[in-house]
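I have placed the structure first, in the form of structure tokens, so that the comments after it can refer back to it.
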Amino acid sequence: MYENRAALGYQNFEEVRTGQIFYIDKTDFIREWWENADKVTLITRPRRFGKTLNLSMVNCFFSNQYAERSDLFEGLSIWEEKAEGAKYRNLQGTYPVIFLTFANIKAVRYSDMEYKITEVIAALFNRNRYLLEGNILSEQERKYYESIGVGMDGKAAAGAIHAMAEFMQRYYGKKVIILLDEYDTPMQEAWLWGYWDEAVTLFSSLFNATFKTNDVLERGLITGITRIAKESIFTGMNNLEVVTTTSNKYAVSFGFTEKEVFAALEAAGLGGQKQKVKRWYDGFTFGRCTDIYNPWSIVSFVNKKVYDTYWCNTSGNELVNSLIQTGTPGVKQAMEELLQGKSFETELDERIAFDQLGDSANAVWSLLLATGYLKVVTFKQVGKLQRKIYTLKLTNMEVESIFEDMVKGWFSGNTEVYYNEFIRALLTDNVRKMNTFINKVALHTFSSFDSGNKPSDDAEPERFYHGFVLGMVVNLADTYKVRSNRESGYGRYDVMIEPLDKTGKAFIFEFKVLDPDEDEETLEDTIANAHRQIQEKKYEAELIAAGFLPKQIRKYGFAFRGKECLIG
């Protein structure tokens, strides 16, 4: 480990080594990857876990463009004076390497995304124009080479990386290593902006041509955040070894171990901060290896010596925010549990099908695990089919803070004012103002809480109230316990708000949509039925058992008709 500048933003291995930037030795990854000898490897890790730096390291090690740069590895694990070390010293700088990144391929429209792909490929061809010298390429191949440029047809782009590999193999007389970083960035954009099907067509052709039907490929290494289902873009790629956050392979190659973090803190004179750093930034689990830390947060803390949500601040969380905000009531209820420090059990399929995210809670949890917001606490296989059941929890305090800010953001601007006024009216028993402000909150948030896939008046109130409850969980956490959809008495109440101070007021909410089949003609009728249900099901039993007197308990019915709400 270099005990030098704890600088941020360095993703180029050569710059890190020559600039004596703070670095924790991860070169054992080179040995492990090479010895495993998988033809094509896809490794998924959350953002800011050193994926780009590690791929740059692999490029510097194997690429013949770095044949004279053995100094970059001197003093590191891969260069140790052993028989095996000599083997790897002889490998350094001996392969033609294609190193690409899709990190900047972000676009609102498919045509813009395709254009950005052509920019990446055109740059690859421009860097290797030496291939046009001599007689390596035929006249027809020269014409093809010159035709590859920015704005080319998507079909031409799909096969261009394969063609470049063939040209390089012919030039150097050796098969090619292909490295691709952030392969899934454009796919996430495609899902967010609604051109998923078009993107799948392009990338399925590109990945198959580059990594499957490529006889001149020595090894392929792909990194990203998510494991996109093979059925989407890796169709028929049986040569693909997939390493996710639950895999044991390369467990300590991405991110910092606790031993590495504590050593860095000692070197920076911050040894006394170890336990607080652990509470804030520990918690990532890769395979059987627990206590993995996010490198960006650790380097930021060492540099600034202030606790903050550094990881969150490095890029947007639009996809995660969208999935939680528009998720099913079950998703919001699970988030309620998580934000109160609890865990929950669920099945997972790490092969994320983006086109199912709007309908499948399991797909949402799989994405949140892959992106680092959740961690696996325990894992078991059950039943004859050995179904995988995971116990999940928020990763650490930094992630908890990220989600709290995210939920508060749902009630921003005027809605935040209305929301806070509603809470104030609730706590002072002012039902008139409660009605005024709940309607303003509902009017501003119904559309954002609706899934957008199958919107309906009947579904909106349920989505709204679970999002609304999440807001209370976050904003009342210091003084109240907020629970929803729990058993009490003879049924399941919608919402219960219990003060931590046993002398305070407690609240029970029942949400109902006006139902003519229940002889409800007005919202007042619906409220009456809500109160009847609260009384008949004895929802107050849980509060009574906790020591609250009946006079401390407030019971409210919330009646909905479309976006109109009445409380009574």
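By order of appearance in the structure tokens: chains A, B, ..., then residues from 1 within every chain, and ligands from 1 in the order shown.
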**Study point:** Selection near A:Ala103, 10 Å with only C-alpha atoms, sequence-local residues under 6 positions removed, as a list in words
**Key:**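 Returned residues: Thr52, Leu180, Asp181, Glu182, Tyr183, Asp184, Thr185, Pro186 and Gly224 of chain A.
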Could you save those same residues with all heavy atoms as a PDB file, in the first residue's frame?
ATOM      1  N   THR A  52     -13.030  -0.082 -12.716  1.00  0.00           N
ATOM      2  CA  THR A  52     -12.286   0.563 -13.805  1.00  0.00           C
ATOM      3  C   THR A  52     -10.786   0.529 -13.533  1.00  0.00           C
ATOM      4  O   THR A  52      -9.989   0.243 -14.441  1.00  0.00           O
ATOM      5  CB  THR A  52     -12.759   2.012 -13.985  1.00  0.00           C
ATOM      6  OG1 THR A  52     -14.164   2.022 -14.258  1.00  0.00           O
ATOM      7  CG2 THR A  52     -12.028   2.688 -15.127  1.00  0.00           C
ATOM      8  N   LEU A 180     -13.808  -4.944 -21.272  1.00  0.00           N
ATOM      9  CA  LEU A 180     -14.943  -4.028 -21.430  1.00  0.00           C
ATOM     10  C   LEU A 180     -15.452  -3.609 -20.063  1.00  0.00           C
ATOM     11  O   LEU A 180     -15.899  -4.435 -19.262  1.00  0.00           O
ATOM     12  CB  LEU A 180     -16.072  -4.692 -22.222  1.00  0.00           C
ATOM     13  CG  LEU A 180     -17.357  -3.871 -22.378  1.00  0.00           C
ATOM     14  CD1 LEU A 180     -17.090  -2.540 -23.061  1.00  0.00           C
ATOM     15  CD2 LEU A 180     -18.411  -4.669 -23.142  1.00  0.00           C
ATOM     16  N   ASP A 181     -15.403  -2.322 -19.797  1.00  0.00           N
ATOM     17  CA  ASP A 181     -15.818  -1.774 -18.506  1.00  0.00           C
ATOM     18  C   ASP A 181     -17.205  -1.146 -18.608  1.00  0.00           C
ATOM     19  O   ASP A 181     -17.553  -0.526 -19.614  1.00  0.00           O
ATOM     20  CB  ASP A 181     -14.793  -0.721 -18.064  1.00  0.00           C
ATOM     21  CG  ASP A 181     -15.014  -0.266 -16.633  1.00  0.00           C
ATOM     22  OD1 ASP A 181     -15.448  -1.088 -15.808  1.00  0.00           O
ATOM     23  OD2 ASP A 181     -14.727   0.912 -16.333  1.00  0.00           O
ATOM     24  N   GLU A 182     -17.994  -1.326 -17.536  1.00  0.00           N
ATOM     25  CA  GLU A 182     -19.337  -0.738 -17.423  1.00  0.00           C
ATOM     26  C   GLU A 182     -20.214  -1.096 -18.624  1.00  0.00           C
ATOM     27  O   GLU A 182     -20.848  -0.228 -19.230  1.00  0.00           O
ATOM     28  CB  GLU A 182     -19.246   0.764 -17.214  1.00  0.00           C
ATOM     29  CG  GLU A 182     -18.540   1.133 -15.912  1.00  0.00           C
ATOM     30  CD  GLU A 182     -18.976   2.462 -15.347  1.00  0.00           C
ATOM     31  OE1 GLU A 182     -20.170   2.814 -15.489  1.00  0.00           O
ATOM     32  OE2 GLU A 182     -18.121   3.154 -14.764  1.00  0.00           O
ATOM     33  N   TYR A 183     -20.257  -2.372 -18.913  1.00  0.00           N
ATOM     34  CA  TYR A 183     -21.030  -2.850 -20.064  1.00  0.00           C
ATOM     35  C   TYR A 183     -22.511  -2.536 -19.946  1.00  0.00           C
ATOM     36  O   TYR A 183     -23.225  -2.404 -20.956  1.00  0.00           O
ATOM     37  CB  TYR A 183     -20.836  -4.369 -20.214  1.00  0.00           C
ATOM     38  CG  TYR A 183     -21.808  -5.186 -19.384  1.00  0.00           C
ATOM     39  CD1 TYR A 183     -22.934  -5.763 -19.961  1.00  0.00           C
ATOM     40  CD2 TYR A 183     -21.630  -5.369 -18.010  1.00  0.00           C
ATOM     41  CE1 TYR A 183     -23.840  -6.496 -19.201  1.00  0.00           C
ATOM     42  CE2 TYR A 183     -22.512  -6.099 -17.254  1.00  0.00           C
ATOM     43  CZ  TYR A 183     -23.617  -6.664 -17.846  1.00  0.00           C
ATOM     44  OH  TYR A 183     -24.514  -7.376 -17.101  1.00  0.00           O
ATOM     45  N   ASP A 184     -23.024  -2.422 -18.716  1.00  0.00           N
ATOM     46  CA  ASP A 184     -24.466  -2.309 -18.519  1.00  0.00           C
ATOM     47  C   ASP A 184     -24.973  -0.875 -18.390  1.00  0.00           C
ATOM     48  O   ASP A 184     -26.177  -0.654 -18.293  1.00  0.00           O
ATOM     49  CB  ASP A 184     -24.897  -3.107 -17.289  1.00  0.00           C
ATOM     50  CG  ASP A 184     -24.159  -2.678 -16.017  1.00  0.00           C
ATOM     51  OD1 ASP A 184     -23.061  -2.102 -16.149  1.00  0.00           O
ATOM     52  OD2 ASP A 184     -24.670  -2.945 -14.915  1.00  0.00           O
ATOM     53  N   THR A 185     -24.078   0.114 -18.416  1.00  0.00           N
ATOM     54  CA  THR A 185     -24.529   1.512 -18.300  1.00  0.00           C
ATOM     55  C   THR A 185     -25.553   1.874 -19.378  1.00  0.00           C
ATOM     56  O   THR A 185     -26.620   2.419 -19.066  1.00  0.00           O
ATOM     57  CB  THR A 185     -23.333   2.475 -18.353  1.00  0.00           C
ATOM     58  OG1 THR A 185     -22.518   2.254 -17.211  1.00  0.00           O
ATOM     59  CG2 THR A 185     -23.792   3.924 -18.371  1.00  0.00           C
ATOM     60  N   PRO A 186     -25.292   1.577 -20.665  1.00  0.00           N
ATOM     61  CA  PRO A 186     -26.300   1.920 -21.669  1.00  0.00           C
ATOM     62  C   PRO A 186     -27.600   1.137 -21.521  1.00  0.00           C
ATOM     63  O   PRO A 186     -28.669   1.631 -21.890  1.00  0.00           O
ATOM     64  CB  PRO A 186     -25.605   1.603 -23.001  1.00  0.00           C
ATOM     65  CG  PRO A 186     -24.473   0.710 -22.663  1.00  0.00           C
ATOM     66  CD  PRO A 186     -24.053   1.075 -21.286  1.00  0.00           C
ATOM     67  N   GLY A 224     -19.341  -4.670 -14.706  1.00  0.00           N
ATOM     68  CA  GLY A 224     -20.540  -3.850 -14.663  1.00  0.00           C
ATOM     69  C   GLY A 224     -21.123  -3.875 -13.266  1.00  0.00           C
ATOM     70  O   GLY A 224     -20.566  -4.489 -12.347  1.00  0.00           O
TER      71      GLY A 224
END
Pull the closest atom pair for each residue of stretch 45-124 of chain A that gets at most 12 Å from stretch 205-210 of chain A, along with the distance in Å to one decimal, counting only C-alpha atoms, ordering rows by chain and then ascending residue number, as JSON lines.
{"residue": "A:Ile98", "atom": "CA", "partner": "A:Thr210", "partner_atom": "CA", "distance": 10.8}
{"residue": "A:Leu100", "atom": "CA", "partner": "A:Thr210", "partner_atom": "CA", "distance": 11.8}
{"residue": "A:Glu114", "atom": "CA", "partner": "A:Leu206", "partner_atom": "CA", "distance": 11.7}
{"residue": "A:Ile117", "atom": "CA", "partner": "A:Leu206", "partner_atom": "CA", "distance": 10.5}
{"residue": "A:Thr118", "atom": "CA", "partner": "A:Leu206", "partner_atom": "CA", "distance": 11.7}
{"residue": "A:Ile121", "atom": "CA", "partner": "A:Leu206", "partner_atom": "CA", "distance": 11.2}
So that I have them on file, write out the residues from the current selection with C-alpha atoms, as a PDB file, in the first residue's frame.
ATOM      1  CA  ILE A  98      -8.578  -4.045 -26.647  1.00  0.00           C
ATOM      2  CA  LEU A 100     -13.113  -0.215 -23.950  1.00  0.00           C
ATOM      3  CA  GLU A 114     -26.256   4.373 -30.814  1.00  0.00           C
ATOM      4  CA  ILE A 117     -21.467   3.651 -29.226  1.00  0.00           C
ATOM      5  CA  THR A 118     -20.091   4.558 -32.641  1.00  0.00           C
ATOM      6  CA  ILE A 121     -15.691   2.183 -31.628  1.00  0.00           C
TER       7      ILE A 121
END
**Study point:** atom CA of A:Tyr88 to atom CA of A:Leu53, distance in Å rounded to a single decimal
**Key:**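 Pair atom CA of A:Tyr88 / atom CA of A:Leu53 returns 19.5 Å.
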Taking only C-alpha atoms into account, produce a table as JSON lines in which each residue of stretch 272-313 of chain A with an atom at most 12 Å from an atom of stretch 22-40 of chain A appears once, together with its shortest atom pair and the distance in Å to one decimal, ordered by chain and rising number.
{"residue": "A:Pro295", "atom": "CA", "partner": "A:Ile24", "partner_atom": "CA", "distance": 9.6}
{"residue": "A:Trp296", "atom": "CA", "partner": "A:Phe22", "partner_atom": "CA", "distance": 11.7}
{"residue": "A:Ile298", "atom": "CA", "partner": "A:Phe22", "partner_atom": "CA", "distance": 11.2}
{"residue": "A:Val299", "atom": "CA", "partner": "A:Phe22", "partner_atom": "CA", "distance": 8.3}
{"residue": "A:Ser300", "atom": "CA", "partner": "A:Phe22", "partner_atom": "CA", "distance": 11.4}
{"residue": "A:Val302", "atom": "CA", "partner": "A:Phe22", "partner_atom": "CA", "distance": 10.3}
{"residue": "A:Asn303", "atom": "CA", "partner": "A:Phe22", "partner_atom": "CA", "distance": 10.3}
Check your understanding: What does the distance between atom CA of A:Cys289 and atom CA of A:Tyr373 come to in Å, to one decimal place?
Key ->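 Between these atoms lies a distance of 16.9 Å.
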Practice item. Would you return as a list in words the members of stretch 380-504 of chain A that DSSP assigns to strand (DSSP E or B) on this structure's backbone? Key: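 Residues of stretch 380-504 of chain A classed as strand (DSSP E or B): Lys380, Gln381, Val382, Arg387, Lys388, Ile389, Tyr390, Thr391, Leu392, Lys393, Leu394, Tyr480, Lys481, Val482, Arg483, Ser484, Asn485, Arg486, Glu487, Ser488, Gly491, Arg492, Tyr493, Asp494, Val495, Met496, Ile497, Glu498 and Pro499 of chain A.
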